[in-house]
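S.K.: Handing you this structure, nothing more for now.
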Amino acid sequence: MAGRVDGPLKVTGRADYGADHTFPGLVHGYVVLSTIAHGEIEAMEVTAAKSAPGVIGVYSPFDPLELKTPATAFLGATWVPLQDKEVAYYGQPIGFVVAETYEQARDAAMLVEVTYRSRPALTSFEDGLATAEEAPASRGVPASLSVLAPGVESIEEALDASPVVVEATYSTATQNHAAMEPHSAVAAWGPDGLTIHSGNQGSDIQAAELAGALDVSPADVHAVNPFVGGAFGGKGRTSVPAFLAAAAARVLDRPVKAALSREQVFTATAGRAATVQKIALGAEHDGTLNALRHDSWCSTAADRSFVEPTSHGTSREWYATRNLAISQKMVPLNIPPTTFMRAPGEAPGSFALESAIDELAVALKMDPIELRQRNNSNAPPGNDLQWSSKHLDECFRVGAARFGWSDRSPQGKTDGDWLVGIGTATAMFPALRFPATIEVTLLPDDTAVVATSGADPGTGLLTVLSLVGGESLDISPDRVEPRLGDSTLPPGGMSGGSTATASAGSAIMIAAAKAIDDLLKLASAPGAPFEGLEVSYADGKVFAEGRTMTFGELLRALNRPSLSVAGSSAPGEELTKHSFSSFGAQFCEVRVHKWTREIRVSRMLGVFDAGRIINPVAARSQIIGGMIWGVSAALHEGLEIEANGRLANGDFASYLIPVNADIPEVDVHFVEYPDTLHNPVGAKGIGEIGTVGMAAAVANAVHNATGIRVRHIPIQIEDLL
Ligand code: MOS
């Protein structure tokens, strides 16, 4: 079984992450953050900082580094710091101090004195709900949408006509991106422009954003990020340290390193929105879903830059129902921005929907798996395009057998002082892909290079390049050198949206086929070893009439240093024929202590229908990470925001995430049905779905164990008293 080609480099410390890079003359920058939630900066006293030891530059809105707001087709506009005196949240980057050493920059930053003209700040999501705004369309769906059966006037009418109705309000907490590698950058300018080392989810997109911000040509920015210490959506946009390091390095004519401290990551980047979700389900006595209403509110930054689409992303696609109504509102607050975070929309959305389905099962006295299977959809409601491939029923069947679901008691069980319950939930995440270009190069030593600008933020894309490259060239993957994370390579899109394997893999297949075509033409050309013959290719070799040459031998015979071709692939006609999604069934067992109400997850299982699995080891690891994040959302994570906008728990000492002792063995299983209607590789995406549904499975297990329905996450001991 394949491991990871980058595994040895990573575990032996030879993988260089952004901040590991250094240059002669490197200086260090430290970001200054605001200490009010809303207002205007009246003055910044920087005299003391400027004369502190080692300081060579102090930048602020009064003496800014020049940065324009970049806009890319992929991400839209990205905010850049220091360009005005407005403060929209506590912990906003408002200054940058550069010194010879990191410690000097940090010490000088402490000497900067800021005077503010404060304005009233809205930092409470609950308070903000009263002034919620309609969200913009998301994923091509307007903020409000209803699909009603003929003759039905409103969703309320459909709910009223349903014999069994469950109606409840759920809420989910604000979360921080806690990737292992804090956002950082090392920037150096030379005769060819800027070279920047900064962890990101797509080097060509980062280069485009930096070029826009710095007002230079994209060809003048060389973004290099072959190793990224976790991203999950939090490194989709170019980070503040990257913008500041690049701009400062230009004016100072010195290479600059900037790295956020862990505490700074909590505010100077972006996180997951808090949500409130009202769900109403109307069903027949046999469980047939007659009506589904899902109204959502999410927090967003004052600039309204991101919507967490819990209604759009979740209810629209999950169940067959004759009547569906969804709405999505946003609540602008003076808090750090929100952004993509693993399964944006589906992660918090599935907590609400899959808890509500469990509540409906209880109301109907029906098995929750049977209820889900009864309402299995062939296509998203209101959409004529059937799923290309859906094996969710099998996920539940296999999962139920593997997990021992038939032993479940609707009232839970006890084991000494422990109340034991099991719960389940559906997982779904749309199968997407982006345009990608791959360059395949055949070399005279019988190896090949498969290269793209795309990033591997720990997902395993690097290994996927070698595996799909080897398969497409019909050679062993260890003869393929994968390259990525460099904006000078062909544009490979972004490692986001669970797309990278499908996007890059499809392009590899096209590039490899072209490379083999070109090779065969070379082989039979006049003067070539197979001149005039009908040549074929297999097993890395060209052959005809009993004669065989490896591609390397052929290139050597032809005196060619290499044969390079590029191949591109993009989503196309298939989008008019089918709907596409990955599916899964999540299972969880919890033990709640009868007296202390301590909640422990004791068993977890996820069974997924994610198309073809390219690398089982990495895929399992990817899914395990997602499932653990689901437990984290259910029982641990949540930012506490004080009235003044300061995060009360903005560090790893107080922001809870699970440790090994919180997580039992995690069982992962794939039902493997390659989906070649979606893309030629047949992979549907595994990056996000692992976390979807797991928080609901935990909450449903807690209900099974205790009889207590907790409709918010994280669930805490006091919720079960
Ligand atoms: Mo991820 S939220 O698809 O970058």
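Starting from 1 in every chain, residues are counted up; chains themselves are A, B, ... following the order of the structure tokens, and ligands are numbered from 1 as listed.
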Please, which residues of region 338-533 of chain A, numbered as in this document, come out helix (DSSP H, G or I) from DSSP, as a count of residues only?
M.R.: 82
S.K.: Write as a count of residues only the residues around ligand 1, taking 12 Å as the cut-off and counting only C-alpha atoms and all ligand atoms.
M.R.: 57
S.K.: Compile the contact shell of region 33-45 of chain A as a ChimeraX atom specification: residues with an atom at most 7 Å away, counting only C-alpha atoms, same-chain residues fewer than 5 positions apart removed.
M.R.: /A:85-95,112-121,334,644-645
S.K.: Apply DSSP to the backbone of this structure and, from region 288-474 of chain A, keep only the residues in strand (DSSP E or B); write these as JSON, numbers by chain.
M.R.: {"A": [289, 290, 291, 292, 293, 294, 295, 296, 297, 298, 299, 300, 301, 319, 323, 324, 325, 326, 327, 328, 329, 330, 331, 332, 333, 338, 376, 387, 413, 414, 415, 418, 419, 420, 421, 422, 423, 424, 425, 426, 427, 428, 429, 430, 436, 437, 438, 439, 440, 441, 442, 448, 449, 450, 451, 454]}
S.K.: Take the residues that were just selected and, keeping C-alpha atoms, output them as a JSON list (two decimals), in the first residue's frame.
M.R.:
```json
[["chain", "number", "residue", "atom", "x", "y", "z"],
["A", 289, "LEU", "CA", -40.90, 13.49, 4.44],
["A", 290, "ASN", "CA", -43.58, 15.85, 3.23],
["A", 291, "ALA", "CA", -42.03, 19.19, 4.08],
["A", 292, "LEU", "CA", -38.61, 20.51, 5.06],
["A", 293, "ARG", "CA", -37.94, 24.10, 6.10],
["A", 294, "HIS", "CA", -34.45, 25.29, 6.99],
["A", 295, "ASP", "CA", -33.89, 28.93, 7.94],
["A", 296, "SER", "CA", -30.34, 29.91, 8.81],
["A", 297, "TRP", "CA", -28.48, 32.84, 10.25],
["A", 298, "CYS", "CA", -24.68, 33.06, 10.29],
["A", 299, "SER", "CA", -22.28, 35.58, 11.71],
["A", 300, "THR", "CA", -20.11, 37.46, 9.26],
["A", 301, "ALA", "CA", -17.50, 40.20, 9.47],
["A", 319, "TYR", "CA", -33.53, 14.27, 1.30],
["A", 323, "ASN", "CA", -41.92, 20.59, -0.29],
["A", 324, "LEU", "CA", -38.73, 22.42, 0.57],
["A", 325, "ALA", "CA", -38.06, 25.95, 1.70],
["A", 326, "ILE", "CA", -34.72, 27.38, 2.70],
["A", 327, "SER", "CA", -33.47, 30.81, 3.63],
["A", 328, "GLN", "CA", -30.10, 32.21, 4.56],
["A", 329, "LYS", "CA", -29.43, 35.39, 6.49],
["A", 330, "MET", "CA", -26.21, 36.91, 7.76],
["A", 331, "VAL", "CA", -25.41, 38.95, 10.84],
["A", 332, "PRO", "CA", -22.54, 41.41, 10.34],
["A", 333, "LEU", "CA", -20.55, 41.76, 13.55],
["A", 338, "THR", "CA", -15.17, 34.32, 8.67],
["A", 376, "ASN", "CA", -33.24, 8.79, 0.14],
["A", 387, "TRP", "CA", -27.03, 11.76, -8.77],
["A", 413, "LYS", "CA", -27.89, 1.34, 27.85],
["A", 414, "THR", "CA", -25.96, 1.50, 31.05],
["A", 415, "ASP", "CA", -22.57, 0.10, 31.92],
["A", 418, "TRP", "CA", -21.90, 5.09, 32.54],
["A", 419, "LEU", "CA", -24.86, 5.80, 30.28],
["A", 420, "VAL", "CA", -24.06, 4.47, 26.83],
["A", 421, "GLY", "CA", -25.69, 5.61, 23.62],
["A", 422, "ILE", "CA", -25.10, 5.35, 19.92],
["A", 423, "GLY", "CA", -26.06, 7.76, 17.20],
["A", 424, "THR", "CA", -25.80, 8.10, 13.47],
["A", 425, "ALA", "CA", -26.01, 10.79, 10.82],
["A", 426, "THR", "CA", -25.76, 11.19, 7.09],
["A", 427, "ALA", "CA", -22.75, 12.92, 5.55],
["A", 428, "MET", "CA", -22.78, 14.63, 2.17],
["A", 429, "PHE", "CA", -20.50, 16.97, 0.36],
["A", 430, "PRO", "CA", -20.85, 17.99, -3.29],
["A", 436, "ALA", "CA", -6.28, 22.20, -13.88],
["A", 437, "THR", "CA", -3.25, 21.88, -16.10],
["A", 438, "ILE", "CA", -0.55, 19.27, -15.61],
["A", 439, "GLU", "CA", 2.81, 19.00, -17.28],
["A", 440, "VAL", "CA", 4.15, 15.50, -17.84],
["A", 441, "THR", "CA", 7.83, 15.19, -18.71],
["A", 442, "LEU", "CA", 9.45, 11.93, -19.79],
["A", 448, "ALA", "CA", 8.82, 11.06, -15.41],
["A", 449, "VAL", "CA", 7.94, 14.34, -13.78],
["A", 450, "VAL", "CA", 4.31, 15.22, -13.12],
["A", 451, "ALA", "CA", 4.01, 18.90, -12.24],
["A", 454, "GLY", "CA", -1.48, 23.25, -7.01]]
```
S.K.: So which residues touch Asp662 (chain A) within 9 Å, counting only C-alpha atoms, skipping near sequence neighbours fewer than 6 positions away, as a list of chain:residue names?
M.R.: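 So, after excluding close chain neighbours, the residues are A:Arg600, A:Val601, A:Ser602, A:Val631.
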S.K.: One decimal, in Å: what's the spacing between CA of Gln104 (chain A) and CA of Val32 (chain A)?
M.R.: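 Here the two named atoms are 13.5 Å from each other.
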S.K.: Pick from A:Asp358, A:Asp675, A:Asp204, A:Glu370: nearest to Gly485 (chain A), with only C-alpha atoms counted?
M.R.: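 With only C-alpha atoms as the atom set, the closest residue is A:Asp204.
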S.K.: Taking into account only C-alpha atoms, which residue in the set A:Ser389, A:Thr550, A:Ser621, A:Thr576 is nearest to Asp609 (chain A)?
M.R.: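 Using only C-alpha atoms, the shortest distance to Asp609 (chain A) belongs to A:Ser389.
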S.K.: Could you pull the residues within 10 Å of region 543-549 of chain A, counting only C-alpha atoms, minus those fewer than 3 positions along the same chain, as a ChimeraX atom specification?
M.R.: /A:520,523-524,529-530,533-538,540,552-555,557
S.K.: Export N, CA and C atoms of the chosen residues as an mmCIF file, in the first residue's frame?
M.R.:
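Result file again-v4.cif:
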```cif
data_model
loop_
_atom_site.group_PDB
_atom_site.id
_atom_site.type_symbol
_atom_site.label_atom_id
_atom_site.label_comp_id
_atom_site.auth_asym_id
_atom_site.auth_seq_id
_atom_site.Cartn_x
_atom_site.Cartn_y
_atom_site.Cartn_z
ATOM 1 N N LEU A 520 5.106 8.063 -29.390
ATOM 2 C CA LEU A 520 4.928 7.115 -30.490
ATOM 3 C C LEU A 520 5.241 7.785 -31.835
ATOM 4 N N ALA A 523 8.910 7.956 -32.130
ATOM 5 C CA ALA A 523 9.501 6.622 -32.305
ATOM 6 C C ALA A 523 9.446 6.175 -33.766
ATOM 7 N N SER A 524 8.374 6.559 -34.461
ATOM 8 C CA SER A 524 8.193 6.039 -35.825
ATOM 9 C C SER A 524 8.533 7.073 -36.899
ATOM 10 N N PRO A 529 14.203 4.986 -34.350
ATOM 11 C CA PRO A 529 14.387 3.538 -34.242
ATOM 12 C C PRO A 529 13.231 2.698 -34.798
ATOM 13 N N PHE A 530 12.001 3.216 -34.757
ATOM 14 C CA PHE A 530 10.865 2.440 -35.263
ATOM 15 C C PHE A 530 10.302 3.063 -36.542
ATOM 16 N N LEU A 533 7.030 2.169 -38.631
ATOM 17 C CA LEU A 533 6.301 1.014 -38.080
ATOM 18 C C LEU A 533 5.060 1.466 -37.309
ATOM 19 N N GLU A 534 4.143 0.534 -37.190
ATOM 20 C CA GLU A 534 2.956 0.728 -36.342
ATOM 21 C C GLU A 534 3.399 0.461 -34.902
ATOM 22 N N VAL A 535 3.570 1.499 -34.085
ATOM 23 C CA VAL A 535 4.134 1.296 -32.743
ATOM 24 C C VAL A 535 3.051 1.346 -31.676
ATOM 25 N N SER A 536 3.292 0.629 -30.600
ATOM 26 C CA SER A 536 2.365 0.653 -29.458
ATOM 27 C C SER A 536 3.159 0.987 -28.195
ATOM 28 N N TYR A 537 2.388 1.255 -27.127
ATOM 29 C CA TYR A 537 3.019 1.612 -25.853
ATOM 30 C C TYR A 537 2.370 0.825 -24.737
ATOM 31 N N ALA A 538 3.178 0.231 -23.877
ATOM 32 C CA ALA A 538 2.666 -0.384 -22.644
ATOM 33 C C ALA A 538 3.838 -0.530 -21.690
ATOM 34 N N GLY A 540 5.570 1.308 -19.929
ATOM 35 C CA GLY A 540 6.697 2.235 -20.042
ATOM 36 C C GLY A 540 7.562 1.992 -21.267
ATOM 37 N N GLY A 552 12.845 5.793 -22.031
ATOM 38 C CA GLY A 552 14.149 6.390 -21.771
ATOM 39 C C GLY A 552 15.163 6.011 -22.847
ATOM 40 N N GLU A 553 15.167 4.723 -23.191
ATOM 41 C CA GLU A 553 16.084 4.276 -24.259
ATOM 42 C C GLU A 553 15.797 5.009 -25.560
ATOM 43 N N LEU A 554 14.523 5.169 -25.846
ATOM 44 C CA LEU A 554 14.140 5.854 -27.083
ATOM 45 C C LEU A 554 14.618 7.315 -27.069
ATOM 46 N N LEU A 555 14.387 7.987 -25.934
ATOM 47 C CA LEU A 555 14.828 9.394 -25.843
ATOM 48 C C LEU A 555 16.349 9.477 -25.981
ATOM 49 N N ALA A 557 18.263 7.331 -27.621
ATOM 50 C CA ALA A 557 18.598 7.043 -29.019
ATOM 51 C C ALA A 557 18.360 8.267 -29.902
#
```
S.K.: Using CA of Leu159 (chain A) and CA of Ala274 (chain A) as the two end points, give the distance in Å to one decimal.
M.R.: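 Calculated distance between CA of Leu159 (chain A) and CA of Ala274 (chain A) is 27.3 Å.
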S.K.: Please list as an MDAnalysis selection string every residue within 12 Å of Gly470 (chain A), counting only C-alpha atoms and excluding residues in the same chain fewer than 3 positions away.
M.R.: chainID A and resid 440 442 446:450 463:467 473:482 505 508:509 512:513 538:540 614
S.K.: Rank nothing, just name the residue among A:Gly606, A:Val659, A:Asn375, A:Phe96 nearest to Met110 (chain A), using only C-alpha atoms.
M.R.: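 Smallest separation from Met110 (chain A) among the options: A:Phe96.
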